[in-house]
Amino acid sequence: MSSASSRAVRVTVTVAVAAVALVLVGGIVGRISGPSPVSARAADQATTVDRLEQSITRAQDRLRRVPGDWRTWAGLGMAYLERARVTTDPVWYAKAEDAVRQSLRVHPKGNTEGLTARGALANARHDFGAARTDALAAVTSNQYYSEAYAVLADAETQLGNVKAATAAVQRLLDLRPGLPAYARASYDLELRGRTDQARDLMAQALAAAVDRYDIAFCRTQLGDLAFNAGDLARADLEYTAGLAADPSSITLQRGRARVAAARGRMDQALADYAVITRRAPTPSHLLEYAELSRAAGRDAATPLNLAAAAHELFRANGGIDGLTGAALAWATGDPARALAEARAEWSRRRHVDVADTLAWSLHLSGKDTEALRYARRAHSSGARSAVYAYHLGMIEKSLGSVEPARRHLREALAINPYFSPVDASLARQALTELDSR
Amino acid sequence: MRRLLLALVPTAVLAVVLWPASPASAHPLGNFSVNQYVGLTLRPDRVDATVVVDTAEIPTLQERPAMDASRDGTISPSERAAYAGRTCTTVASALRGLQWTVGRSELTLSAGAGGLEVSRLVCVLSAPARLDRPASLRVDNGYLDDHIGWREIVAVGAGLRIVESSVPARSVSDELRAYPSDLLSSTLDVRSAVVRVEPGSGSAGSAAPVTSGGDPLSRWMAALDRRFTSLAGGTLTPLVGLLAVGLAIVLGAGHAALPGHGKTVLAAYLAGKRGRRRDALAVAGTVTLTHTGGVLVLGLVLSAGTAIAGDRIIAWLGLVSGAIVLIVGAGMLRGVLRRRRLGRVDGHSRGHAHNGHSHDHSHDGHGHSHDGHSHDGHGHDHGHDHGHEHHHHGGGRLGLAGIGLAGGLVPSPSALVVLLAAIGLGRTAFGVVLVVAYGAGMAATLTGAGLLLLALQRRLSRATARGRASAGGRLAAGVSRAAARLNAATPAATAALVLLVGAGLAARAAASVL
Amino acid sequence: MRSNVTPASTVGGRRASLRRRAALVAAAAIAVGTSLYGLGPGGATASSHREAPLIAADPAADNTDLYAFVSPERAGYVTFIANWIPFEEPNGGPNFYPFATDARYYIKVDNNGDAIEDSTFRFTFTNIDNRGNDTFLYNNGPVTSLDDQNLLFKQVMKVESKFGDGPWVTRATNAPVAPSRVGAASMPDYQKLRDQSVFTFPGGWKGFAGQADDAFFLDLRVFDLLYGGDLSEVGQDTVAGYNVNTIALQVPFKDVALNEDVKRNPVIGVWTTTERKRVRLANGGGSGGWVQVSRLGHPLVNEVVLPAGLKDAFNAIGPVKDAGIPAVVKRVTEPEVPKLIEAIYGIPAPATPRNDLVEIFLTGITTKAGGPIKADLNSQLNNADVNPRKFRPSEMLRLNLSVPVSDNPNRLGVLAGDLQGFPNGRRLADDVLDIELQALEGAAQTGKLVDALAAGDAVDSNDNAFGDKFPYVALPNAVAVNTVGGGTRAGSSDQSGSTDPSQGPATSLGGDSDVMPMAMTFGGVAAGMGAVFLTLWWRRRRSTGRHAKQYENPADLTIPLQQ
């Protein structure tokens, strides 16, 4: 009995294990690329144009039929990335990454579209060095491919390579004048302080916008440009017009909330921010909410804790964002941590915002001499920023340079008297103090 | 046994590691999302809704102040219950279209990413509705409209027929437990459902074996099913064809592994009859043949466009199979009783005969039968097999056939769907090949299951024999006594079990037929 | 009795080695498993840097097709039809598909072969937008004419022309543009709106701009060849049911022919482009000229001839630069598609260099360029007044205006002996995909069609019938493509439509004729299985029946136990 039955047992068990293993393997295979789930459309779905949705659906259908189409995989990755930007829903980043990887897997060499999409993902991840590498490789393989220049422009801008960024944007403008080009050109000009021209270009971008998300983006930028120049009425107009096109846009709602806060309608602003942070609880939104709460004399601890939790999650997922980390540390009163974050970010990239953040972190840690260097660097870049002027002014005040401090603090309030719910009044106080000396 | 372990370890580890959960964070759809599932069950007099709200880390954290009413830093069960009740009321009012009342509400908190918690809220709602005549129903889900997240609605009918529905009948996310992570699907964002119903019975939802259970195997099967259907309908290259056939085998194996196809009955039958390997093979083979034949015939009938709805046929088949099982069970019971009456002798019933009681064991009888066991060793088995086969040949073969027929009579919907899809796309031959491969997979699993069962049975009986022989203590004696009692009781018990199962099958099928 | 117990000494050793192996296997499984996970952050987006839109789709500037043919019903006039904005979904509100107002649309004609335009026609558009800030709706009531108050948004077109080095001359201003077809409720009589937007202007010119049915018909799945497809799935008109924006122009021969003399110089080359303003950052964002963003001559050049990598370059340059880009020329002389077809169908690709394709695409079919196709059909070299030394090969659609209008147009054009057809110009009904496939396989050179590709993409005509009067294109479709029942016929451009049944998308569902043989198959299989089962069962029964007889006596059952 034993040999026959033990053999039988072995056979049985082997069969069973093989069956289980096959099921698992089959399940994995089935999991990786199965058909789409049923998507039910309501009978009266609004007929507003959503080109992004259309292009995503079209790409998905095509890829089901022709899974070897690496170009469409890359395009799908880019579309998912746009979706992520528009909805602030992080789940789309993972999908975008998978699609891009698939594209490069199918066609590893000379895959301009795939390289560009991978670069765009790197930008979203704040890995600007990797984005730059990928974008340069893409333009090498096809010097007429406009999207690659857009990715390159973004990467160079964030790395702080001003000349290279401008060259990339110009090439983009020459190849494909359109919303992406105009938007980046506008930002380029804004960074150099030509705010009027930046506004004109963004208006041109708006004229080229058809998709409601693009309209929302342009209106946000126009609104922010107006707000940063202290023009509340204009900012309000732009945000409202944008919300008429895309009521769900978080950036527009945030703009409107900031306008309300600037006008003194704190309750309204806080309510708006409560809605925003429920819908998109990113660390930066929560930090702004906390700052606003503090300015209104309300409890800022809850949003701060949430901001810290959200930032932790972001880092747990592999994200790197020293600017938000530093801002969080400022708000929670941890100057040492802020300084560490700012220095780390500076070592990664030399963008003007980082210089300003580093300057302020140094100032909060008491290292004003070093702070002055960075604050001057930020201020002299040409960008008309109330925050840079304010930081420079406060550092100079702390160092005892009364005249420059007065000048720069006045400049900050002249550029935008509402530049921060808390800091604006601090600037005014400091100015009064200086004036009384 | 060791080799078994070695073989099982990698698959077990792989299974755990490759579980369909999101890679970096515990919450499958990102840390901000609030995912919602609404499962509607439409009945003639009311609509029941199961609403599941799956909240990610950050929104859960944001809700903590509302949950922690006592502000003591912990959320007690009563606080959870209170919060669940309140939120379900809000959900009920946000579910537009009917007047809902909250039945059950439940909130569970579990660990998520970054040391934070995620929450799962289940609300069972009910609303009166007059659906006993042809009607159209629309439900809109407006709960937390502005939050990002997966939104899904599912509608099945119970006691009426769904003519047309804008939402599917099965959840693709298994009620928010496992989100499909395929690259070519967008997140579901279904916020309203429009369903047309009419009176009738045997709706698609109830008769089909619903695999939306919590167990992972069912979920894998669901994913495989979808993949399979797409393969059958997609481009047909040789590689795809081979893959489809392979998947068909795997599907068949998997479906045989799921509850159904008379495995309980098979197990009981084999246990009761002291079957041998050939019996197991025979039953498995019969089930498979019947099943394959059944699918093919049914596929032919359905695709030739008869007026009979597929689900009704399945319901009737269920009834027939239940009846067959009942008959077989009755036959088994009758055999057992008759043996006892006539004092037939085989290795186990000798004990019965000596006592002459309906009690299966006394100490003497126990010892007696065990002596018989240990004495025989291998011989016992052989002789026993012989005895079985010869003794039960008439009733045994018919019983086996009956079990096989019953088990295979209800065709798997997935096999049927694949066949019909293949026919619909002009790939009839391919569809037949797939169904046969499906049957082969089923046969493999059932055979394996039966053999496994037999082997376990033998080990059990050998173990009890050894336990006695190794001069063990009272514990060993007690165990062996219990085992012997079990052994002796099994024929009658299993006959009863078979009867019960048959009755259950028949009753369930009858319920959906009538 | 054989024992299962193994000697103790080997048990321990075997157990240990088994345990090690188990551990190794487990570790490997974990490694495999985790490496399959996606890495990287899916977490929060920090908005500390601006994220601008990336995808630079510019459908309003996207050329889709160009047609050029001698007007069949108006002798002495040539018609150009140029389309933009592909895949317009009917009922695509609320913004619909206006022409871009900040772009310039061109039709360019080169009649002396130097790849520089000699007659240029420019179209620019202006919005008349009465919607105000509170509505996005196109109309607020039924629109019965182009002047109807209910039509809140419409466009007008300016037509300018330039001949040689002469100045730009405005030919028409505020020409009405046919609106996007909103639907039957809003536009109950679209034919009337179409008729109102066809205008005649001085010189006998006729013009039209507006939405129309996409006249192209092909199964784009053919081009999945490049991605591993295999030409197995054809027969569905990919663009059926969609609309495009059309600009149509009808001008007398003399306005496009070299020296205005059609008899001596009958051949013209045509292409269409779109331009947008160039922005100069150094100028502070001011304007600095115009940049070409799209270009089209022959259809499907970007799919059939050039790989997509050159498509971007092609869009950016004018024809005069084509010959100077070696990659472009190489793509014509050593095309990719015949190699793919050879791999799938086994049809040998014709030997390279493909000078016959150079003739078709880059010079025009002529005996004067030393090409292999010995016919004089449509090259500017055949114009009497052309200086052959100034001739430059370039990609453009070449039309011989002196070829008479054919009485029996054949969709396969020149390859089927219909000399008025593609590649001699392009008529609406020419099946350019099939023609180009055949040409790629050498049919133009050998003069014989390749049989294996005879079906081509199995889409031989448009879903909607063409009209027989200017502007010839069918009315735009009114039913959305991506809903049930979409893509239906829209009617021809004038009510007296011509022949051709509509070709709906050919879906390949099994027909009813399959049921009978299928039924027989199933019946046979089921019966066979039943028979097998019964036989097995019956044989078992017989074989055990014999044994059973021996053991009918209960006492006999003791016999096996004593073995």
# chains A, B, ... in the order shown; residues from 1 in each chain; ligands from 1
call {"tool": "residues_around", "arguments": {"residues": "Ala212 in chain C", "least_positions_apart": "5", "cutoff": "8 Å", "atoms": "only C-alpha atoms", "output": "number ranges by chain"}}
result
C: 243-246, 473-477
call {"tool": "closest_residue", "arguments": {"among": "A:Ala383, A:Leu104, A:Ala165, A:Glu288", "to": "Ala198 in chain A", "atoms": "only C-alpha atoms"}}
result
A:Ala383
call {"tool": "select_by_dssp", "arguments": {"residues": "range 290-412 of chain A", "states": "helix (DSSP H, G or I)", "output": "ChimeraX atom specification"}}
result
/A:290-295,301-316,322-331,335-348,352-364,368-379,386-399,402-412
call {"tool": "closest_residue", "arguments": {"among": "C:Thr79, C:Phe199, C:Gly229, C:Asp463", "to": "chain B", "atoms": "only C-alpha atoms"}}
result
C:Gly229
call {"tool": "atom_distance", "arguments": {"atom1": "CA of Gly77 in chain A", "atom2": "CA of Ala99 in chain A"}}
result
5.0 Å
call {"tool": "residues_around", "arguments": {"residues": "range 214-229 of chain A", "least_positions_apart": "3", "cutoff": "6 Å", "atoms": "only C-alpha atoms", "output": "JSON, numbers by chain"}}
result
{"A": [206, 209, 211, 232, 235, 238, 239, 242, 252, 415, 416]}
call {"tool": "residues_around", "arguments": {"residues": "Ala82 in chain B", "least_positions_apart": "3", "cutoff": "10 Å", "atoms": "only C-alpha atoms", "output": "PDB file with N, CA, C and O atoms, in the first residue's frame"}}
result
ATOM      1  N   MET B  67     -15.487  61.770  14.464  1.00  0.00           N
ATOM      2  CA  MET B  67     -15.669  60.424  14.998  1.00  0.00           C
ATOM      3  C   MET B  67     -15.451  60.391  16.502  1.00  0.00           C
ATOM      4  O   MET B  67     -16.184  59.741  17.240  1.00  0.00           O
ATOM      5  N   ASP B  68     -14.420  61.112  16.937  1.00  0.00           N
ATOM      6  CA  ASP B  68     -14.038  61.032  18.342  1.00  0.00           C
ATOM      7  C   ASP B  68     -14.828  62.065  19.133  1.00  0.00           C
ATOM      8  O   ASP B  68     -14.323  63.124  19.486  1.00  0.00           O
ATOM      9  N   ALA B  69     -16.082  61.731  19.422  1.00  0.00           N
ATOM     10  CA  ALA B  69     -16.964  62.711  20.048  1.00  0.00           C
ATOM     11  C   ALA B  69     -16.484  63.092  21.432  1.00  0.00           C
ATOM     12  O   ALA B  69     -16.647  64.215  21.883  1.00  0.00           O
ATOM     13  N   SER B  76     -13.947  54.750  20.405  1.00  0.00           N
ATOM     14  CA  SER B  76     -14.503  53.533  20.991  1.00  0.00           C
ATOM     15  C   SER B  76     -15.551  52.946  20.059  1.00  0.00           C
ATOM     16  O   SER B  76     -16.032  53.625  19.158  1.00  0.00           O
ATOM     17  N   PRO B  77     -15.868  51.681  20.298  1.00  0.00           N
ATOM     18  CA  PRO B  77     -16.888  51.053  19.443  1.00  0.00           C
ATOM     19  C   PRO B  77     -18.193  51.833  19.429  1.00  0.00           C
ATOM     20  O   PRO B  77     -18.838  51.944  18.384  1.00  0.00           O
ATOM     21  N   SER B  78     -18.583  52.392  20.575  1.00  0.00           N
ATOM     22  CA  SER B  78     -19.855  53.112  20.561  1.00  0.00           C
ATOM     23  C   SER B  78     -19.737  54.393  19.740  1.00  0.00           C
ATOM     24  O   SER B  78     -20.666  54.782  19.031  1.00  0.00           O
ATOM     25  N   GLU B  79     -18.574  55.035  19.809  1.00  0.00           N
ATOM     26  CA  GLU B  79     -18.368  56.242  18.986  1.00  0.00           C
ATOM     27  C   GLU B  79     -18.412  55.893  17.511  1.00  0.00           C
ATOM     28  O   GLU B  79     -18.987  56.620  16.698  1.00  0.00           O
ATOM     29  N   GLY B  85     -23.845  55.574  12.211  1.00  0.00           N
ATOM     30  CA  GLY B  85     -25.267  55.857  12.074  1.00  0.00           C
ATOM     31  C   GLY B  85     -25.506  57.241  11.478  1.00  0.00           C
ATOM     32  O   GLY B  85     -26.294  57.405  10.543  1.00  0.00           O
ATOM     33  N   ARG B  86     -24.792  58.215  12.000  1.00  0.00           N
ATOM     34  CA  ARG B  86     -24.984  59.584  11.503  1.00  0.00           C
ATOM     35  C   ARG B  86     -24.616  59.683  10.036  1.00  0.00           C
ATOM     36  O   ARG B  86     -25.347  60.267   9.225  1.00  0.00           O
ATOM     37  N   THR B  87     -23.459  59.108   9.698  1.00  0.00           N
ATOM     38  CA  THR B  87     -23.001  59.223   8.309  1.00  0.00           C
ATOM     39  C   THR B  87     -23.921  58.481   7.368  1.00  0.00           C
ATOM     40  O   THR B  87     -24.191  58.939   6.254  1.00  0.00           O
ATOM     41  N   CYS B  88     -24.408  57.327   7.800  1.00  0.00           N
ATOM     42  CA  CYS B  88     -25.315  56.602   6.906  1.00  0.00           C
ATOM     43  C   CYS B  88     -26.585  57.400   6.664  1.00  0.00           C
ATOM     44  O   CYS B  88     -27.175  57.319   5.580  1.00  0.00           O
ATOM     45  N   SER B 105     -25.718  49.940  10.008  1.00  0.00           N
ATOM     46  CA  SER B 105     -24.578  50.789   9.681  1.00  0.00           C
ATOM     47  C   SER B 105     -23.374  50.304  10.467  1.00  0.00           C
ATOM     48  O   SER B 105     -23.495  49.904  11.613  1.00  0.00           O
ATOM     49  N   GLU B 106     -22.231  50.357   9.805  1.00  0.00           N
ATOM     50  CA  GLU B 106     -21.046  49.812  10.471  1.00  0.00           C
ATOM     51  C   GLU B 106     -19.806  50.526   9.966  1.00  0.00           C
ATOM     52  O   GLU B 106     -19.670  50.780   8.769  1.00  0.00           O
ATOM     53  N   LEU B 107     -18.926  50.836  10.868  1.00  0.00           N
ATOM     54  CA  LEU B 107     -17.680  51.502  10.501  1.00  0.00           C
ATOM     55  C   LEU B 107     -16.519  50.683  11.028  1.00  0.00           C
ATOM     56  O   LEU B 107     -16.504  50.325  12.196  1.00  0.00           O
TER      57      LEU B 107
END
call {"tool": "closest_residue", "arguments": {"among": "C:Glu233, C:Asp460, C:Asp189, C:Asp114", "to": "chain B", "atoms": "only C-alpha atoms"}}
result
C:Glu233
call {"tool": "residues_around", "arguments": {"residues": "Gly504 in chain B", "least_positions_apart": "3", "cutoff": "12 Å", "atoms": "only C-alpha atoms", "output": "PyMOL selection string"}}
result
chain B and resi 262+265+318-319+321-326+497-501+507-511
call {"tool": "write_last_selection", "arguments": {"atoms": "all heavy atoms", "output": "tab-separated table (two decimals), in the first residue's frame"}}
result
chain	number	residue	atom	x	y	z
B	262	GLY	N	-20.78	20.00	-7.06
B	262	GLY	CA	-20.99	18.77	-6.30
B	262	GLY	C	-19.76	18.24	-5.60
B	262	GLY	O	-19.67	17.05	-5.36
B	265	VAL	N	-20.75	16.97	-2.29
B	265	VAL	CA	-21.43	15.69	-2.47
B	265	VAL	C	-20.42	14.62	-2.81
B	265	VAL	O	-20.47	13.50	-2.29
B	265	VAL	CB	-22.48	15.82	-3.59
B	265	VAL	CG1	-23.16	14.51	-3.81
B	265	VAL	CG2	-23.47	16.90	-3.24
B	318	GLY	N	-30.67	23.50	-12.30
B	318	GLY	CA	-30.33	23.39	-10.89
B	318	GLY	C	-31.34	22.53	-10.16
B	318	GLY	O	-30.99	21.69	-9.32
B	319	LEU	N	-32.58	22.71	-10.50
B	319	LEU	CA	-33.64	21.93	-9.88
B	319	LEU	C	-33.44	20.44	-10.19
B	319	LEU	O	-33.52	19.57	-9.30
B	319	LEU	CB	-34.99	22.42	-10.40
B	319	LEU	CG	-36.23	21.91	-9.66
B	319	LEU	CD1	-36.12	22.28	-8.19
B	319	LEU	CD2	-37.48	22.50	-10.26
B	321	SER	N	-30.73	18.91	-11.07
B	321	SER	CA	-29.54	18.33	-10.42
B	321	SER	C	-29.81	18.11	-8.95
B	321	SER	O	-29.39	17.10	-8.37
B	321	SER	CB	-28.33	19.24	-10.63
B	321	SER	OG	-28.34	20.29	-9.72
B	322	GLY	N	-30.54	19.04	-8.33
B	322	GLY	CA	-30.89	18.84	-6.93
B	322	GLY	C	-31.71	17.58	-6.75
B	322	GLY	O	-31.49	16.78	-5.83
B	323	ALA	N	-32.63	17.38	-7.67
B	323	ALA	CA	-33.46	16.18	-7.58
B	323	ALA	C	-32.63	14.92	-7.71
B	323	ALA	O	-32.81	13.95	-6.95
B	323	ALA	CB	-34.53	16.24	-8.67
B	324	ILE	N	-31.69	14.94	-8.65
B	324	ILE	CA	-30.84	13.76	-8.84
B	324	ILE	C	-30.06	13.47	-7.56
B	324	ILE	O	-29.97	12.32	-7.10
B	324	ILE	CB	-29.87	13.98	-10.02
B	324	ILE	CG1	-30.65	14.04	-11.32
B	324	ILE	CG2	-28.84	12.86	-10.06
B	324	ILE	CD1	-29.78	14.24	-12.52
B	325	VAL	N	-29.49	14.52	-6.99
B	325	VAL	CA	-28.70	14.32	-5.76
B	325	VAL	C	-29.59	13.75	-4.66
B	325	VAL	O	-29.19	12.84	-3.91
B	325	VAL	CB	-28.06	15.65	-5.32
B	325	VAL	CG1	-27.41	15.49	-3.97
B	325	VAL	CG2	-27.05	16.11	-6.34
B	326	LEU	N	-30.80	14.26	-4.60
B	326	LEU	CA	-31.75	13.74	-3.60
B	326	LEU	C	-31.96	12.25	-3.79
B	326	LEU	O	-31.92	11.46	-2.84
B	326	LEU	CB	-33.09	14.46	-3.75
B	326	LEU	CG	-33.32	15.67	-2.84
B	326	LEU	CD1	-34.62	16.34	-3.20
B	326	LEU	CD2	-33.33	15.22	-1.38
B	497	LEU	N	-26.00	13.56	4.70
B	497	LEU	CA	-25.45	14.81	4.18
B	497	LEU	C	-25.82	14.99	2.72
B	497	LEU	O	-26.21	16.08	2.29
B	497	LEU	CB	-23.92	14.79	4.35
B	497	LEU	CG	-23.19	16.04	3.88
B	497	LEU	CD1	-23.65	17.24	4.66
B	497	LEU	CD2	-21.68	15.86	4.03
B	498	VAL	N	-25.67	13.91	1.97
B	498	VAL	CA	-26.00	13.99	0.54
B	498	VAL	C	-27.46	14.38	0.37
B	498	VAL	O	-27.82	15.22	-0.46
B	498	VAL	CB	-25.69	12.64	-0.14
B	498	VAL	CG1	-26.27	12.63	-1.54
B	498	VAL	CG2	-24.20	12.43	-0.19
B	499	LEU	N	-28.30	13.77	1.18
B	499	LEU	CA	-29.72	14.10	1.11
B	499	LEU	C	-29.95	15.58	1.36
B	499	LEU	O	-30.66	16.27	0.62
B	499	LEU	CB	-30.48	13.30	2.17
B	499	LEU	CG	-31.09	11.98	1.71
B	499	LEU	CD1	-31.68	11.24	2.89
B	499	LEU	CD2	-32.16	12.26	0.68
B	500	LEU	N	-29.29	16.05	2.41
B	500	LEU	CA	-29.46	17.46	2.77
B	500	LEU	C	-29.00	18.37	1.63
B	500	LEU	O	-29.68	19.32	1.27
B	500	LEU	CB	-28.63	17.77	4.02
B	500	LEU	CG	-29.38	17.61	5.34
B	500	LEU	CD1	-28.40	17.70	6.49
B	500	LEU	CD2	-30.45	18.67	5.46
B	501	VAL	N	-27.83	18.06	1.13
B	501	VAL	CA	-27.29	18.91	0.05
B	501	VAL	C	-28.23	18.90	-1.14
B	501	VAL	O	-28.52	19.94	-1.74
B	501	VAL	CB	-25.88	18.43	-0.36
B	501	VAL	CG1	-25.44	19.12	-1.64
B	501	VAL	CG2	-24.91	18.71	0.75
B	507	ALA	N	-34.05	23.03	-3.43
B	507	ALA	CA	-34.84	24.13	-2.88
B	507	ALA	C	-34.39	25.47	-3.47
B	507	ALA	O	-35.21	26.30	-3.87
B	507	ALA	CB	-34.71	24.13	-1.35
B	508	ARG	N	-33.10	25.68	-3.51
B	508	ARG	CA	-32.59	26.96	-4.02
B	508	ARG	C	-33.00	27.17	-5.47
B	508	ARG	O	-33.43	28.23	-5.88
B	508	ARG	CB	-31.08	27.01	-3.87
B	508	ARG	CG	-30.50	28.38	-4.04
B	508	ARG	CD	-29.03	28.36	-3.93
B	508	ARG	NE	-28.42	27.70	-5.07
B	508	ARG	CZ	-27.15	27.81	-5.41
B	508	ARG	NH1	-26.36	28.55	-4.70
B	508	ARG	NH2	-26.67	27.16	-6.43
B	509	ALA	N	-32.82	26.09	-6.23
B	509	ALA	CA	-33.18	26.21	-7.64
B	509	ALA	C	-34.68	26.45	-7.78
B	509	ALA	O	-35.13	27.25	-8.61
B	509	ALA	CB	-32.75	24.96	-8.40
B	510	ALA	N	-35.45	25.72	-6.95
B	510	ALA	CA	-36.90	25.89	-7.03
B	510	ALA	C	-37.29	27.33	-6.71
B	510	ALA	O	-38.16	27.90	-7.37
B	510	ALA	CB	-37.57	24.92	-6.04
B	511	ALA	N	-36.59	27.89	-5.74
B	511	ALA	CA	-36.92	29.27	-5.35
B	511	ALA	C	-36.75	30.22	-6.53
B	511	ALA	O	-37.54	31.13	-6.73
B	511	ALA	CB	-36.03	29.70	-4.20
call {"tool": "residues_around", "arguments": {"residues": "Gly149 in chain B", "least_positions_apart": "6", "cutoff": "8 Å", "atoms": "only C-alpha atoms", "output": "MDAnalysis selection string"}}
result
chainID B and resid 29 32:36 187 189
call {"tool": "write_last_selection", "arguments": {"atoms": "N, CA and C atoms", "output": "short mmCIF file (atom, residue, chain, number, x, y, z; two decimals), in the first residue's frame"}}
result
data_model
loop_
_atom_site.label_atom_id
_atom_site.label_comp_id
_atom_site.auth_asym_id
_atom_site.auth_seq_id
_atom_site.Cartn_x
_atom_site.Cartn_y
_atom_site.Cartn_z
N LEU B 29 -6.30 53.54 -4.02
CA LEU B 29 -6.46 54.59 -5.00
C LEU B 29 -5.88 55.92 -4.53
N PHE B 32 -5.90 60.35 -0.84
CA PHE B 32 -6.89 61.41 -0.66
C PHE B 32 -8.29 60.94 -0.90
N SER B 33 -8.43 59.74 -1.46
CA SER B 33 -9.71 59.46 -2.10
C SER B 33 -10.75 58.92 -1.13
N VAL B 34 -11.99 59.18 -1.51
CA VAL B 34 -13.12 58.58 -0.82
C VAL B 34 -13.86 57.78 -1.88
N ASN B 35 -13.75 56.47 -1.81
CA ASN B 35 -14.35 55.62 -2.83
C ASN B 35 -15.71 55.15 -2.37
N GLN B 36 -16.62 55.07 -3.33
CA GLN B 36 -17.99 54.72 -2.97
C GLN B 36 -18.51 53.61 -3.87
N THR B 187 -10.45 55.14 -13.81
CA THR B 187 -11.18 54.97 -12.55
C THR B 187 -12.65 55.15 -12.82
N ASP B 189 -16.27 56.34 -12.44
CA ASP B 189 -16.91 57.51 -11.82
C ASP B 189 -18.36 57.50 -12.22
#
call {"tool": "atom_distance", "arguments": {"atom1": "CA of Gly141 in chain C", "atom2": "CA of Leu243 in chain A"}}
result
26.0 Å
